[in-house]
>>> print(open('structure-v7.txt').read())   # compact mmCIF, C-alpha atoms
# COMPACT_ATOMS: atom_id res chain seq x y z
CA GLU A 1 -4.25 0.57 27.41
CA ALA A 2 -1.61 -1.33 25.47
CA GLN A 3 1.45 0.83 25.17
CA VAL A 4 5.19 1.25 25.10
CA THR A 5 6.52 3.98 27.33
CA GLN A 6 9.90 5.66 27.21
CA ASN A 7 11.51 7.99 29.71
CA PRO A 8 12.69 10.63 29.53
CA ARG A 9 11.07 12.08 26.43
CA TYR A 10 13.70 14.81 26.14
CA LEU A 11 17.21 14.88 27.55
CA ILE A 12 20.13 17.25 27.20
CA THR A 13 23.36 16.00 28.70
CA VAL A 14 27.10 16.46 28.48
CA THR A 15 29.77 14.27 26.99
CA GLY A 16 30.78 11.38 29.22
CA LYS A 17 27.92 11.52 31.71
CA LYS A 18 26.33 8.08 31.91
CA LEU A 19 22.63 7.95 31.19
CA THR A 20 19.84 5.41 30.88
CA VAL A 21 16.73 5.65 28.76
CA THR A 22 14.02 3.37 30.05
CA CYS A 23 11.54 1.43 27.94
CA SER A 24 8.59 -0.50 29.28
CA GLN A 25 5.73 -2.39 27.62
CA ASN A 26 2.54 -3.79 29.13
CA MET A 27 1.63 -6.28 26.38
CA ASN A 28 3.70 -9.26 27.54
CA HIS A 29 5.72 -9.11 24.34
CA GLU A 30 8.79 -11.29 23.98
CA TYR A 31 10.55 -9.05 21.45
CA MET A 32 11.85 -5.57 22.20
CA SER A 33 14.15 -3.36 20.20
CA TRP A 34 15.88 0.03 20.18
CA TYR A 35 16.28 2.26 17.13
CA ARG A 36 17.82 5.60 16.46
CA GLN A 37 16.63 8.01 13.81
CA ASP A 38 18.89 10.59 12.24
CA PRO A 39 18.24 13.01 9.36
CA GLY A 40 19.43 11.53 6.10
CA LEU A 41 20.19 8.16 7.71
CA GLY A 42 16.68 6.99 8.50
CA LEU A 43 15.98 4.43 11.20
CA ARG A 44 18.71 2.11 12.36
CA GLN A 45 18.47 -0.71 14.85
CA ILE A 46 20.77 -0.52 17.88
CA TYR A 47 19.98 -3.66 19.88
CA TYR A 48 17.14 -6.10 20.13
CA SER A 49 15.98 -8.77 22.52
CA MET A 50 14.06 -11.91 21.63
CA ASN A 51 13.26 -12.65 25.28
CA VAL A 52 14.48 -12.22 28.85
CA GLU A 53 18.26 -12.45 29.07
CA VAL A 54 18.52 -12.75 25.26
CA THR A 55 19.91 -9.69 23.49
CA ASP A 56 21.71 -9.17 20.21
CA LYS A 57 23.28 -6.38 18.21
CA GLY A 58 21.56 -4.46 15.50
CA ASP A 59 23.31 -2.38 12.87
CA VAL A 60 24.69 0.35 15.15
CA PRO A 61 25.43 -1.07 18.64
CA GLU A 62 28.69 0.80 19.29
CA GLY A 63 28.53 3.01 22.35
CA TYR A 64 25.35 1.44 23.72
CA LYS A 65 24.47 -1.28 26.19
CA VAL A 66 21.18 -2.98 26.95
CA SER A 67 19.84 -5.45 29.45
CA ARG A 68 16.68 -7.55 29.59
CA LYS A 69 16.22 -8.79 33.12
CA GLU A 70 12.44 -8.58 33.03
CA LYS A 71 10.09 -9.18 30.15
CA ARG A 72 8.49 -5.77 30.31
CA ASN A 73 11.64 -3.59 30.52
CA PHE A 74 14.46 -2.99 28.07
CA PRO A 75 16.65 -0.05 29.13
CA LEU A 76 19.18 1.56 26.82
CA ILE A 77 22.41 2.57 28.54
CA LEU A 78 24.93 5.08 27.26
CA GLU A 79 27.96 4.66 29.51
CA SER A 80 29.92 7.58 28.06
CA PRO A 81 27.71 9.57 25.70
CA SER A 82 29.31 11.48 22.85
CA PRO A 83 27.88 14.18 20.56
CA ASN A 84 27.47 11.68 17.72
CA GLN A 85 24.84 9.93 19.85
CA THR A 86 22.61 12.97 19.62
CA SER A 87 19.54 11.49 18.01
CA LEU A 88 15.88 10.54 18.29
CA TYR A 89 15.53 7.13 19.93
CA PHE A 90 12.59 4.76 19.65
CA CYS A 91 11.83 1.63 21.61
CA ALA A 92 9.47 -1.00 20.20
CA SER A 93 7.98 -4.32 21.23
CA SER A 94 6.30 -7.18 19.42
CA LEU A 95 4.95 -10.67 19.88
CA PHE A 96 7.15 -11.74 16.97
CA SER A 97 5.42 -15.05 16.40
CA GLY A 98 5.76 -16.98 13.15
CA THR A 99 2.71 -15.27 11.65
CA SER A 100 2.86 -11.82 13.12
CA ALA A 101 5.53 -9.35 14.07
CA GLU A 102 3.57 -6.13 14.42
CA GLN A 103 5.72 -3.71 16.35
CA TYR A 104 4.38 -1.16 18.78
CA PHE A 105 6.56 1.90 19.17
CA GLY A 106 7.14 4.20 22.07
CA PRO A 107 6.80 7.97 21.62
CA GLY A 108 10.51 8.55 21.19
CA THR A 109 13.27 10.13 23.27
CA ARG A 110 15.11 13.12 21.88
CA LEU A 111 18.66 13.10 23.21
CA THR A 112 21.15 15.91 22.83
CA VAL A 113 24.75 15.38 23.92
CA THR A 114 26.85 18.54 24.13
CA GLY B 1 24.56 -6.69 4.94
CA ILE B 2 21.23 -6.59 3.21
CA GLN B 3 20.39 -3.46 1.20
CA VAL B 4 16.92 -1.93 1.22
CA GLU B 5 15.92 0.70 -1.31
CA GLN B 6 12.66 2.58 -1.34
CA SER B 7 11.17 4.58 -4.16
CA PRO B 8 10.19 7.22 -4.82
CA PRO B 9 12.02 9.23 -2.16
CA ASP B 10 9.35 11.92 -2.28
CA LEU B 11 5.76 11.89 -3.44
CA ILE B 12 3.25 14.73 -3.58
CA LEU B 13 -0.42 13.97 -4.15
CA GLN B 14 -3.77 15.66 -4.21
CA GLU B 15 -6.33 14.27 -1.82
CA GLY B 16 -8.19 11.39 -3.43
CA ALA B 17 -5.33 10.19 -5.59
CA ASN B 18 -3.87 6.68 -5.48
CA SER B 19 -0.20 5.87 -5.04
CA THR B 20 2.23 2.97 -5.00
CA LEU B 21 5.38 2.87 -2.90
CA ARG B 22 8.07 0.35 -3.63
CA CYS B 23 10.63 -1.44 -1.47
CA ASN B 24 13.44 -3.44 -3.10
CA PHE B 25 15.75 -5.65 -1.09
CA SER B 26 19.00 -7.28 -2.07
CA ASP B 27 18.64 -10.74 -0.54
CA SER B 28 16.07 -13.25 0.67
CA VAL B 29 14.09 -12.12 3.68
CA ASN B 30 11.88 -13.82 6.23
CA ASN B 31 10.43 -10.67 7.70
CA LEU B 32 9.19 -7.55 5.96
CA GLN B 33 7.27 -4.78 7.60
CA TRP B 34 5.83 -1.45 6.50
CA PHE B 35 5.64 1.49 8.89
CA HIS B 36 4.17 4.96 8.80
CA GLN B 37 5.71 7.88 10.68
CA ASN B 38 3.24 10.75 10.95
CA PRO B 39 4.29 14.41 10.91
CA TRP B 40 4.39 14.38 14.73
CA GLY B 41 6.98 11.63 14.74
CA GLN B 42 4.79 8.74 15.86
CA LEU B 43 5.66 5.39 14.28
CA ILE B 44 2.90 2.94 13.47
CA ASN B 45 3.18 -0.54 12.06
CA LEU B 46 1.09 -0.98 8.91
CA PHE B 47 1.80 -4.50 7.72
CA TYR B 48 3.84 -7.55 8.54
CA ILE B 49 4.12 -9.09 5.09
CA PRO B 50 7.11 -11.34 4.30
CA SER B 51 5.12 -12.71 1.35
CA GLY B 52 1.69 -12.46 -0.23
CA THR B 53 -0.91 -9.72 -0.09
CA LYS B 54 -2.72 -8.03 2.78
CA GLN B 55 -5.28 -5.28 2.92
CA ASN B 56 -6.33 -2.93 5.67
CA GLY B 57 -8.91 -0.38 4.62
CA ARG B 58 -7.47 1.93 1.97
CA LEU B 59 -4.02 0.43 2.35
CA SER B 60 -2.78 -2.81 0.91
CA ALA B 61 0.62 -4.41 0.52
CA THR B 62 2.08 -7.09 -1.68
CA THR B 63 5.43 -8.80 -1.28
CA VAL B 64 6.90 -10.89 -4.07
CA ALA B 65 9.67 -12.56 -2.12
CA THR B 66 11.12 -14.43 -5.11
CA GLU B 67 11.65 -11.14 -6.94
CA ARG B 68 12.76 -9.27 -3.82
CA TYR B 69 10.32 -6.42 -3.70
CA SER B 70 7.29 -5.22 -1.85
CA LEU B 71 4.65 -2.66 -2.80
CA LEU B 72 2.48 -0.52 -0.58
CA TYR B 73 -0.70 0.79 -2.19
CA ILE B 74 -2.57 3.77 -0.85
CA SER B 75 -5.95 4.40 -2.41
CA SER B 76 -8.06 7.54 -2.14
CA SER B 77 -5.32 9.29 -0.22
CA GLN B 78 -6.18 11.66 2.63
CA THR B 79 -4.17 14.43 4.25
CA THR B 80 -3.74 12.18 7.29
CA ASP B 81 -1.73 9.79 5.10
CA SER B 82 1.08 12.34 4.97
CA GLY B 83 4.34 11.39 6.60
CA VAL B 84 7.18 8.99 5.95
CA TYR B 85 6.69 5.37 4.96
CA PHE B 86 9.42 2.90 5.82
CA CYS B 87 9.91 -0.71 4.94
CA ALA B 88 12.17 -2.91 7.03
CA VAL B 89 13.42 -6.44 6.46
CA THR B 90 15.26 -9.30 8.15
CA LEU B 91 17.74 -11.39 6.21
CA ALA B 92 16.54 -14.99 5.80
CA GLY B 93 18.59 -17.99 6.73
CA GLY B 94 20.57 -16.45 9.52
CA THR B 95 20.32 -16.63 13.27
CA SER B 96 19.52 -12.92 13.65
CA TYR B 97 15.79 -13.32 13.24
CA GLY B 98 15.07 -10.10 15.08
CA LYS B 99 17.54 -7.89 13.25
CA LEU B 100 15.75 -5.32 11.12
CA THR B 101 17.25 -3.19 8.36
CA PHE B 102 15.25 -0.17 7.23
CA GLY B 103 14.97 1.56 3.92
CA GLN B 104 15.48 5.31 3.70
CA GLY B 105 11.77 5.95 3.51
CA THR B 106 9.33 7.65 1.14
CA ILE B 107 8.12 11.09 2.17
CA LEU B 108 4.46 11.42 1.22
CA THR B 109 2.67 14.76 1.20
CA VAL B 110 -1.06 14.82 0.51
CA HIS B 111 -2.57 18.23 -0.25
CA PRO B 112 -6.24 18.97 0.34
>>> encode(input="structure-v7.txt", output="structure tokens")
Amino acid sequence: EAQVTQNPRYLITVTGKKLTVTCSQNMNHEYMSWYRQDPGLGLRQIYYSMNVEVTDKGDVPEGYKVSRKEKRNFPLILESPSPNQTSLYFCASSLFSGTSAEQYFGPGTRLTVT
Amino acid sequence: GIQVEQSPPDLILQEGANSTLRCNFSDSVNNLQWFHQNPWGQLINLFYIPSGTKQNGRLSATTVATERYSLLYISSSQTTDSGVYFCAVTLAGGTSYGKLTFGQGTILTVHP
């Protein structure tokens, strides 16, 4: 089954404790992206990757890191989480060809930083 | 950066009604997508439509790139259409082809 998986689905942590949210896709997609969703602010892109070893900033990259060492994985790293990073996070992937960019989303990770 | 505005912010319909959602953007784009987020939070891509018209069942979308807007049409609405509809765009002409900016969304509620 074609899918994007994220882990963990729910996480409660404390300020400053490094964490990683994993994202994996089994569709051989070149493009992967991370978004956060906050009430009243909608969806905002954090980072994206056009291919292995190619990453770039979205609209809200501060406080986050990513890496793309393998095509299927795109982890999101919070080196020193703060309460303002409490949010719902989505990972997505896409072929992103010239004629199609349909994105497949993971189920979301709800993060609470206290 | 590019601005994306969606209207209306909220829409309440009776089952069977038709509706049109609008997405205006402030600059030329080379990527425009429509998404649906259901009441359980799941996000689903509806259309990739930087220009032209596409149809998928009861849903269709039209983007008039020269006038900087896109429309999402929902015909014969069903309760399962409820949720939030987002459009997202990428600014044309730059090197950030994968950078997406989202509108604030339209909250659609369909009553039986």
>>> closest_residue(input="structure-v7.txt", among="A:Leu19, A:Asn7, A:Pro39, A:Ala101", to="Gly63 of chain A", atoms="all atoms listed in the file")
A:Leu19
>>> atom_distance(input="structure-v7.txt", atom1="atom CA of Pro39 of chain B", atom2="atom CA of Ser82 of chain A")
27.9 Å
>>> atom_distance(input="structure-v7.txt", atom1="atom CA of Leu100 of chain B", atom2="atom CA of Ala88 of chain B")
5.9 Å
>>> closest_residue(input="structure-v7.txt", among="B:Val89, B:Ala61, B:Ile107, B:Ile44", to="Pro8 of chain B", atoms="all atoms listed in the file")
B:Ile107
>>> residues_near_point(input="structure-v7.txt", point="(11.1, -5.3, 20.4)", cutoff="7 Å", atoms="all atoms listed in the file", output="list of chain:residue names")
A:Tyr31, A:Met32, A:Ser33, A:Tyr48, A:Ser49, A:Ala92, A:Ser93, A:Ser94, A:Gln103
>>> residues_around(input="structure-v7.txt", residues="Val113 of chain A", least_positions_apart="3", cutoff="10 Å", atoms="all atoms listed in the file", output="ChimeraX atom specification")
/A:11-17,81-87
>>> closest_atom_pairs(input="structure-v7.txt", of="chain A", to="chain B", cutoff="9 Å", atoms="only C-alpha atoms", output="JSON lines")
{"residue": "A:Tyr31", "atom": "CA", "partner": "B:Gly98", "partner_atom": "CA", "distance": 7.9}
{"residue": "A:Ser33", "atom": "CA", "partner": "B:Gly98", "partner_atom": "CA", "distance": 8.5}
{"residue": "A:Gly40", "atom": "CA", "partner": "B:Gln104", "partner_atom": "CA", "distance": 7.7}
{"residue": "A:Leu41", "atom": "CA", "partner": "B:Gln104", "partner_atom": "CA", "distance": 6.8}
{"residue": "A:Gly42", "atom": "CA", "partner": "B:Gln104", "partner_atom": "CA", "distance": 5.2}
{"residue": "A:Leu43", "atom": "CA", "partner": "B:Phe102", "partner_atom": "CA", "distance": 6.1}
{"residue": "A:Arg44", "atom": "CA", "partner": "B:Phe102", "partner_atom": "CA", "distance": 6.6}
{"residue": "A:Gln45", "atom": "CA", "partner": "B:Leu100", "partner_atom": "CA", "distance": 6.5}
{"residue": "A:Tyr47", "atom": "CA", "partner": "B:Lys99", "partner_atom": "CA", "distance": 8.2}
{"residue": "A:Tyr48", "atom": "CA", "partner": "B:Gly98", "partner_atom": "CA", "distance": 6.8}
{"residue": "A:Ser49", "atom": "CA", "partner": "B:Gly98", "partner_atom": "CA", "distance": 7.6}
{"residue": "A:Met50", "atom": "CA", "partner": "B:Gly98", "partner_atom": "CA", "distance": 6.9}
{"residue": "A:Asp56", "atom": "CA", "partner": "B:Ser96", "partner_atom": "CA", "distance": 7.9}
{"residue": "A:Lys57", "atom": "CA", "partner": "B:Lys99", "partner_atom": "CA", "distance": 7.7}
{"residue": "A:Gly58", "atom": "CA", "partner": "B:Lys99", "partner_atom": "CA", "distance": 5.7}
{"residue": "A:Asp59", "atom": "CA", "partner": "B:Thr101", "partner_atom": "CA", "distance": 7.6}
{"residue": "A:Phe90", "atom": "CA", "partner": "B:Leu43", "partner_atom": "CA", "distance": 8.8}
{"residue": "A:Phe96", "atom": "CA", "partner": "B:Gly98", "partner_atom": "CA", "distance": 8.3}
{"residue": "A:Thr99", "atom": "CA", "partner": "B:Tyr48", "partner_atom": "CA", "distance": 8.4}
{"residue": "A:Ser100", "atom": "CA", "partner": "B:Tyr48", "partner_atom": "CA", "distance": 6.3}
{"residue": "A:Ala101", "atom": "CA", "partner": "B:Tyr48", "partner_atom": "CA", "distance": 6.1}
{"residue": "A:Glu102", "atom": "CA", "partner": "B:Tyr48", "partner_atom": "CA", "distance": 6.1}
{"residue": "A:Gln103", "atom": "CA", "partner": "B:Asn45", "partner_atom": "CA", "distance": 5.9}
{"residue": "A:Tyr104", "atom": "CA", "partner": "B:Asn45", "partner_atom": "CA", "distance": 6.9}
{"residue": "A:Phe105", "atom": "CA", "partner": "B:Leu43", "partner_atom": "CA", "distance": 6.1}
{"residue": "A:Gly106", "atom": "CA", "partner": "B:Leu43", "partner_atom": "CA", "distance": 8.0}
{"residue": "A:Pro107", "atom": "CA", "partner": "B:Gln42", "partner_atom": "CA", "distance": 6.1}
{"residue": "A:Gly108", "atom": "CA", "partner": "B:Gln42", "partner_atom": "CA", "distance": 7.8}
>>> closest_residue(input="structure-v7.txt", among="B:Thr90, B:Ser70, B:Thr109, B:Ser60", to="Glu15 of chain B", atoms="only C-alpha atoms")
B:Thr109
>>> atom_distance(input="structure-v7.txt", atom1="atom CA of Gln3 of chain B", atom2="atom CA of Thr106 of chain B")
15.7 Å
>>> closest_residue(input="structure-v7.txt", among="A:Cys91, A:Tyr10, A:Pro61, A:Val4", to="Thr112 of chain A", atoms="only C-alpha atoms")
A:Tyr10
>>> closest_residue(input="structure-v7.txt", among="B:Leu71, B:Val84, B:Ala65, B:Ala92", to="Ile2 of chain B", atoms="only C-alpha atoms")
B:Ala92
>>> closest_residue(input="structure-v7.txt", among="A:Asn51, A:Asn73, A:Gln6, A:Ser67", to="Val21 of chain A", atoms="only C-alpha atoms")
A:Gln6
>>> axis_aligned_box(input="structure-v7.txt", around="segment 3-17 of chain A", padding_each_side="5 Å", output="JSON")
{"center_x": 16.1, "center_y": 9.0, "center_z": 28.4, "size_x": 39.3, "size_y": 26.4, "size_z": 16.6}
